[in-house]
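Text of the file query-v7.txt, holding compact mmCIF, C-alpha atoms:
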```txt
# COMPACT_ATOMS: atom_id res chain seq x y z
CA MET A 267 22.68 -32.84 1.61
CA ASN A 268 19.90 -32.62 4.14
CA TYR A 269 16.46 -33.89 3.36
CA TYR A 270 13.39 -33.13 5.39
CA PRO A 271 10.36 -35.34 4.98
CA TYR A 272 6.92 -33.90 4.44
CA PRO A 273 4.84 -37.05 4.43
CA ASN A 274 1.44 -35.57 3.59
CA ILE A 275 2.43 -33.12 0.90
CA PRO A 276 2.19 -34.02 -2.77
CA VAL A 277 5.57 -34.35 -4.40
CA MET A 278 6.78 -32.48 -7.45
CA PRO A 279 7.92 -34.69 -10.32
CA GLY A 280 11.67 -35.18 -10.24
CA THR A 281 12.04 -34.78 -6.51
CA PRO A 282 14.84 -37.10 -5.43
CA PRO A 283 13.96 -40.05 -3.21
CA LYS A 284 15.11 -39.93 0.36
CA PRO A 285 18.51 -41.65 0.17
CA ASP A 286 18.31 -43.80 3.27
CA SER A 287 14.74 -44.97 2.76
CA PRO A 288 14.00 -48.38 1.27
CA THR A 289 10.45 -47.27 0.40
CA LEU A 290 9.31 -44.74 -2.16
CA ASP A 291 9.31 -41.90 0.33
CA PHE A 292 10.10 -38.54 -1.09
CA ALA A 293 11.48 -35.49 0.56
CA PHE A 294 12.01 -31.84 -0.12
CA GLN A 295 15.35 -30.19 0.06
CA LEU A 296 15.43 -27.01 2.09
CA ALA A 297 15.72 -23.75 0.20
CA HIS A 298 16.49 -20.28 1.42
CA ALA A 299 14.35 -17.22 0.84
CA TYR A 300 15.44 -13.69 1.57
CA VAL A 301 14.04 -10.17 1.58
CA PRO A 302 16.63 -7.39 1.57
CA TRP A 303 16.13 -4.66 4.13
CA GLN A 304 14.50 -1.52 2.81
CA ASN A 305 15.65 1.94 3.80
CA MET A 306 13.36 4.85 3.09
CA GLY A 307 14.89 7.53 0.92
CA GLN A 308 13.18 9.99 -1.35
CA VAL A 309 9.53 9.10 -1.76
CA PHE A 310 6.87 9.97 -4.31
CA SER A 311 4.26 12.65 -3.84
CA PRO A 312 0.84 11.20 -2.98
CA ALA A 313 -0.35 11.69 -6.57
CA GLU A 314 2.68 9.96 -8.03
CA ALA A 315 2.49 7.19 -5.44
CA LEU A 316 -1.07 6.30 -6.37
CA MET A 317 -0.15 6.31 -10.05
CA HIS A 318 2.83 4.02 -9.54
CA GLY A 319 1.15 1.76 -7.04
CA THR A 320 3.91 2.35 -4.52
CA LEU A 321 5.22 5.22 -2.44
CA PHE A 322 8.78 4.08 -2.98
CA PRO A 323 10.64 4.75 -6.25
CA GLU A 324 12.89 1.74 -5.67
CA LEU A 325 9.83 -0.52 -5.77
CA VAL A 326 8.55 0.64 -9.13
CA MET A 327 8.76 -2.55 -11.14
CA PRO A 328 6.31 -2.45 -14.04
CA TYR A 329 5.36 -5.89 -15.30
CA THR A 330 6.61 -6.12 -18.86
CA GLY A 331 6.14 -9.86 -19.49
CA MET B 273 22.42 4.57 3.71
CA ASP B 274 22.03 8.02 5.14
CA ASN B 275 18.80 9.69 4.22
CA SER B 276 18.73 12.05 7.12
CA GLN B 277 18.91 15.15 5.01
CA GLU B 278 16.21 14.08 2.60
CA ASN B 279 12.75 15.36 3.23
CA PRO B 280 10.02 12.78 2.67
CA GLN B 281 7.48 15.53 2.27
CA ALA B 282 9.36 17.21 -0.56
CA GLN B 283 6.86 17.30 -3.35
CA LYS B 284 8.21 16.35 -6.72
CA ILE B 285 6.55 17.81 -9.75
CA VAL B 286 3.21 16.08 -9.86
CA GLN B 287 2.45 14.69 -13.24
CA PRO B 288 -1.12 15.14 -14.43
CA VAL B 289 -3.26 12.16 -13.59
CA LYS B 290 -4.54 10.29 -16.61
CA ALA B 291 -8.08 9.84 -15.34
CA ASP B 292 -10.58 12.40 -16.51
CA ILE B 293 -11.36 14.86 -13.78
CA ASN B 294 -14.64 16.29 -14.95
CA ASN B 295 -15.82 17.83 -11.74
CA ASN B 296 -14.71 19.07 -8.38
CA GLN B 297 -16.18 16.10 -6.56
CA GLN B 298 -14.01 13.65 -8.45
CA ALA B 299 -10.96 15.85 -8.01
CA MET B 300 -11.48 16.00 -4.26
CA LEU B 301 -12.08 12.27 -4.06
CA LEU B 302 -8.90 11.60 -6.04
CA GLU B 303 -6.89 13.72 -3.67
CA ILE B 304 -8.31 11.75 -0.74
CA GLN B 305 -7.41 8.49 -2.46
CA GLN B 306 -3.87 9.72 -3.04
CA LEU B 307 -3.39 10.70 0.59
CA GLN B 308 -5.04 7.52 1.79
CA PHE B 309 -2.73 5.40 -0.36
CA THR B 310 0.29 7.28 0.96
CA ALA B 311 -0.91 6.64 4.51
CA ILE B 312 -1.29 2.93 3.76
CA GLU B 313 2.21 2.75 2.29
CA LEU B 314 3.78 4.51 5.25
CA ASN B 315 1.70 2.38 7.63
CA LEU B 316 2.98 -0.85 6.07
CA TYR B 317 6.55 0.44 6.04
CA LEU B 318 6.31 1.43 9.70
CA ASP B 319 5.01 -2.02 10.60
CA THR B 320 8.45 -3.37 9.76
CA HIS B 321 10.44 -0.20 10.54
CA PRO B 322 8.89 1.04 13.80
CA ASN B 323 11.98 3.08 14.71
CA ASP B 324 12.17 5.06 11.46
CA GLN B 325 11.52 8.60 12.63
CA GLN B 326 11.50 10.01 9.11
CA ALA B 327 8.72 7.64 8.07
CA LEU B 328 6.78 8.28 11.26
CA MET B 329 6.98 12.04 10.73
CA ALA B 330 5.74 11.59 7.18
CA TYR B 331 2.87 9.43 8.38
CA ASN B 332 1.92 11.84 11.13
CA SER B 333 1.87 14.72 8.67
CA ILE B 334 -0.28 12.82 6.16
CA VAL B 335 -2.97 11.89 8.68
CA PRO B 336 -4.24 15.43 9.43
CA GLN B 337 -4.10 16.32 5.73
CA LEU B 338 -6.24 13.28 4.96
CA LYS B 339 -8.69 14.05 7.75
CA GLN B 340 -9.00 17.66 6.65
CA ARG B 341 -9.73 16.72 3.05
CA ILE B 342 -12.26 14.10 4.07
CA ALA B 343 -14.04 16.69 6.20
CA SER B 344 -14.08 19.19 3.33
CA TYR B 345 -15.41 16.57 0.93
CA GLU B 346 -18.14 15.42 3.30
CA GLN B 347 -19.22 19.00 3.93
CA LEU B 348 -19.92 19.40 0.21
CA TYR B 349 -20.90 15.95 -0.98
CA GLY B 350 -22.05 13.90 1.96
CA PRO B 351 -20.56 11.05 3.95
CA LEU B 352 -17.67 9.00 2.59
CA PHE B 353 -18.09 6.28 5.21
CA HIS B 354 -21.00 4.68 7.00
CA PHE B 355 -21.38 2.48 10.09
CA GLY B 356 -20.36 5.23 12.46
CA LEU B 357 -17.33 6.73 10.76
CA SER B 358 -19.05 9.78 9.25
CA THR B 359 -21.94 11.93 10.39
CA SER B 360 -24.83 12.87 8.12
CA GLN B 361 -26.89 15.97 7.58
CA TYR B 362 -30.69 15.71 7.48
CA PRO B 363 -32.13 13.84 5.71
CA TRP B 364 -29.91 10.73 5.94
CA GLN B 365 -27.40 11.16 3.14
CA TRP B 366 -25.85 7.74 2.79
CA ILE B 367 -28.61 6.60 0.39
CA ASN B 368 -27.76 9.39 -2.05
CA SER B 369 -25.90 8.62 -5.24
CA PRO B 370 -23.18 8.47 -6.20
CA TRP B 371 -21.56 6.33 -3.56
CA PRO B 372 -17.84 6.84 -3.29
CA TRP B 373 -17.14 3.61 -5.20
CA ASP B 374 -19.51 4.56 -8.01
CA MET B 375 -17.51 7.57 -9.04
```

This structure in structure tokens:
Amino acid sequence: MNYYPYPNIPVMPGTPPKPDSPTLDFAFQLAHAYVPWQNMGQVFSPAEALMHGTLFPELVMPYTG
Amino acid sequence: MDNSQENPQAQKIVQPVKADINNNQQAMLLEIQQLQFTAIELNLYLDTHPNDQQALMAYNSIVPQLKQRIASYEQLYGPLFHFGLSTSQYPWQWINSPWPWDM
């Protein structure tokens, strides 16, 4: 596992200590973010787009929480 | 994904907008907002897809429609923009209510 130190950033509780460090240094583990590529298909009419908050039907994701 | 045969300008059946349209001024402003939003969406899409000809064609067809509707609105109800983006008839119209954001 690779750890990358961020010395000046506050550390989340539970973050593992850097294994090879004798001090209480902490480190973040790298994560990966991704955004899938969008391809334009059928789009809304301008009136529908404004109502939905997006021109793209595939991006209609009403918040239900 | 092959969308080459789909027409981005194909108008689906437009559902009635929930907001009360109680006069022509509001109806015209709403149509401008709809076209403007569509232009923004296509603009943002094109920022990351600069080679998408379909999106560019859609954008380039929205722009003159938006300009035309803004001109029609301003002819009837006064300037929509200030600071040099709209002209005014005499006397100076920008101080007249309602402002676009008050409607």

Separation of CA of Val301 (chain A) from CA of Asn323 (chain B) in Å =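 CA of Asn323 (chain B) sits 18.8 Å away from CA of Val301 (chain A).
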
* Within 10 Å of chain B: residues of chain A, using only C-alpha atoms, as a list in words ->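 Here they are: Trp303, Gln304, Asn305, Met306, Gly307, Gln308, Val309, Phe310, Ser311, Pro312, Ala313, Glu314, Ala315, Leu316, Met317, Gly319, Thr320, Leu321 and Phe322 of chain A.
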
At a cut-off of 12 Å, using only C-alpha atoms, what residues contact region 354-362 of chain B? Leave out same-chain residues fewer than 2 positions from it and give the result as a short mmCIF file (atom, residue, chain, number, x, y, z; two decimals) with C-alpha atoms, keeping the file's coordinate frame.
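Output below, filename result24.cif:
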```
data_model
loop_
_atom_site.label_atom_id
_atom_site.label_comp_id
_atom_site.auth_asym_id
_atom_site.auth_seq_id
_atom_site.Cartn_x
_atom_site.Cartn_y
_atom_site.Cartn_z
CA LYS B 339 -8.69 14.05 7.75
CA ILE B 342 -12.26 14.10 4.07
CA ALA B 343 -14.04 16.69 6.20
CA TYR B 345 -15.41 16.57 0.93
CA GLU B 346 -18.14 15.42 3.30
CA GLN B 347 -19.22 19.00 3.93
CA LEU B 348 -19.92 19.40 0.21
CA TYR B 349 -20.90 15.95 -0.98
CA GLY B 350 -22.05 13.90 1.96
CA PRO B 351 -20.56 11.05 3.95
CA LEU B 352 -17.67 9.00 2.59
CA TRP B 364 -29.91 10.73 5.94
CA GLN B 365 -27.40 11.16 3.14
CA TRP B 366 -25.85 7.74 2.79
CA ILE B 367 -28.61 6.60 0.39
CA ASN B 368 -27.76 9.39 -2.05
CA TRP B 371 -21.56 6.33 -3.56
CA PRO B 372 -17.84 6.84 -3.29
#
```

| request: May I ask for the distance between CA of Ala297 (chain A) and CA of Met327 (chain A), given in Å to one decimal place? | output: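 Interatomic distance here is 25.0 Å.
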
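In this structure, CA of Gln298 (chain B) sits 7.0 Å away from CA of Met375 (chain B).
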
Missing atoms in region 338-358 of chain B need filling: write out N, CA and C atoms for it as a compact mmCIF listing (two decimals), in the frame of the given file.
```
# COMPACT_ATOMS: atom_id res chain seq x y z
N LEU B 338 -5.18 14.18 5.42
CA LEU B 338 -6.24 13.28 4.96
C LEU B 338 -7.55 13.59 5.67
N LYS B 339 -7.48 13.76 6.98
CA LYS B 339 -8.69 14.05 7.75
C LYS B 339 -9.33 15.36 7.29
N GLN B 340 -8.48 16.36 7.05
CA GLN B 340 -9.00 17.66 6.65
C GLN B 340 -9.71 17.58 5.31
N ARG B 341 -9.12 16.83 4.38
CA ARG B 341 -9.73 16.72 3.05
C ARG B 341 -11.01 15.89 3.08
N ILE B 342 -11.03 14.87 3.92
CA ILE B 342 -12.26 14.10 4.07
C ILE B 342 -13.38 14.99 4.63
N ALA B 343 -13.03 15.80 5.62
CA ALA B 343 -14.04 16.69 6.20
C ALA B 343 -14.56 17.68 5.17
N SER B 344 -13.65 18.24 4.36
CA SER B 344 -14.08 19.19 3.33
C SER B 344 -14.99 18.51 2.31
N TYR B 345 -14.60 17.31 1.91
CA TYR B 345 -15.41 16.57 0.93
C TYR B 345 -16.80 16.30 1.49
N GLU B 346 -16.85 15.81 2.72
CA GLU B 346 -18.14 15.42 3.30
C GLU B 346 -19.05 16.63 3.51
N GLN B 347 -18.43 17.78 3.78
CA GLN B 347 -19.22 19.00 3.93
C GLN B 347 -19.98 19.32 2.65
N LEU B 348 -19.32 19.06 1.50
CA LEU B 348 -19.92 19.40 0.21
C LEU B 348 -20.76 18.27 -0.36
N TYR B 349 -20.30 17.04 -0.20
CA TYR B 349 -20.90 15.95 -0.98
C TYR B 349 -21.46 14.81 -0.15
N GLY B 350 -21.46 14.96 1.15
CA GLY B 350 -22.05 13.90 1.96
C GLY B 350 -21.02 12.91 2.46
N PRO B 351 -21.49 11.95 3.25
CA PRO B 351 -20.56 11.05 3.95
C PRO B 351 -19.78 10.14 3.00
N LEU B 352 -18.51 9.96 3.32
CA LEU B 352 -17.67 9.00 2.59
C LEU B 352 -17.73 7.62 3.21
N PHE B 353 -18.09 7.57 4.50
CA PHE B 353 -18.09 6.28 5.21
C PHE B 353 -19.43 6.13 5.93
N HIS B 354 -19.80 4.92 6.19
CA HIS B 354 -21.00 4.68 7.00
C HIS B 354 -20.61 3.86 8.23
N PHE B 355 -21.61 3.32 8.90
CA PHE B 355 -21.38 2.48 10.09
C PHE B 355 -20.62 3.23 11.18
N GLY B 356 -20.90 4.52 11.32
CA GLY B 356 -20.36 5.23 12.46
C GLY B 356 -19.10 6.02 12.23
N LEU B 357 -18.59 6.04 11.01
CA LEU B 357 -17.33 6.73 10.76
C LEU B 357 -17.54 8.13 10.18
N SER B 358 -18.75 8.44 9.72
CA SER B 358 -19.05 9.78 9.25
C SER B 358 -20.42 10.17 9.80
```
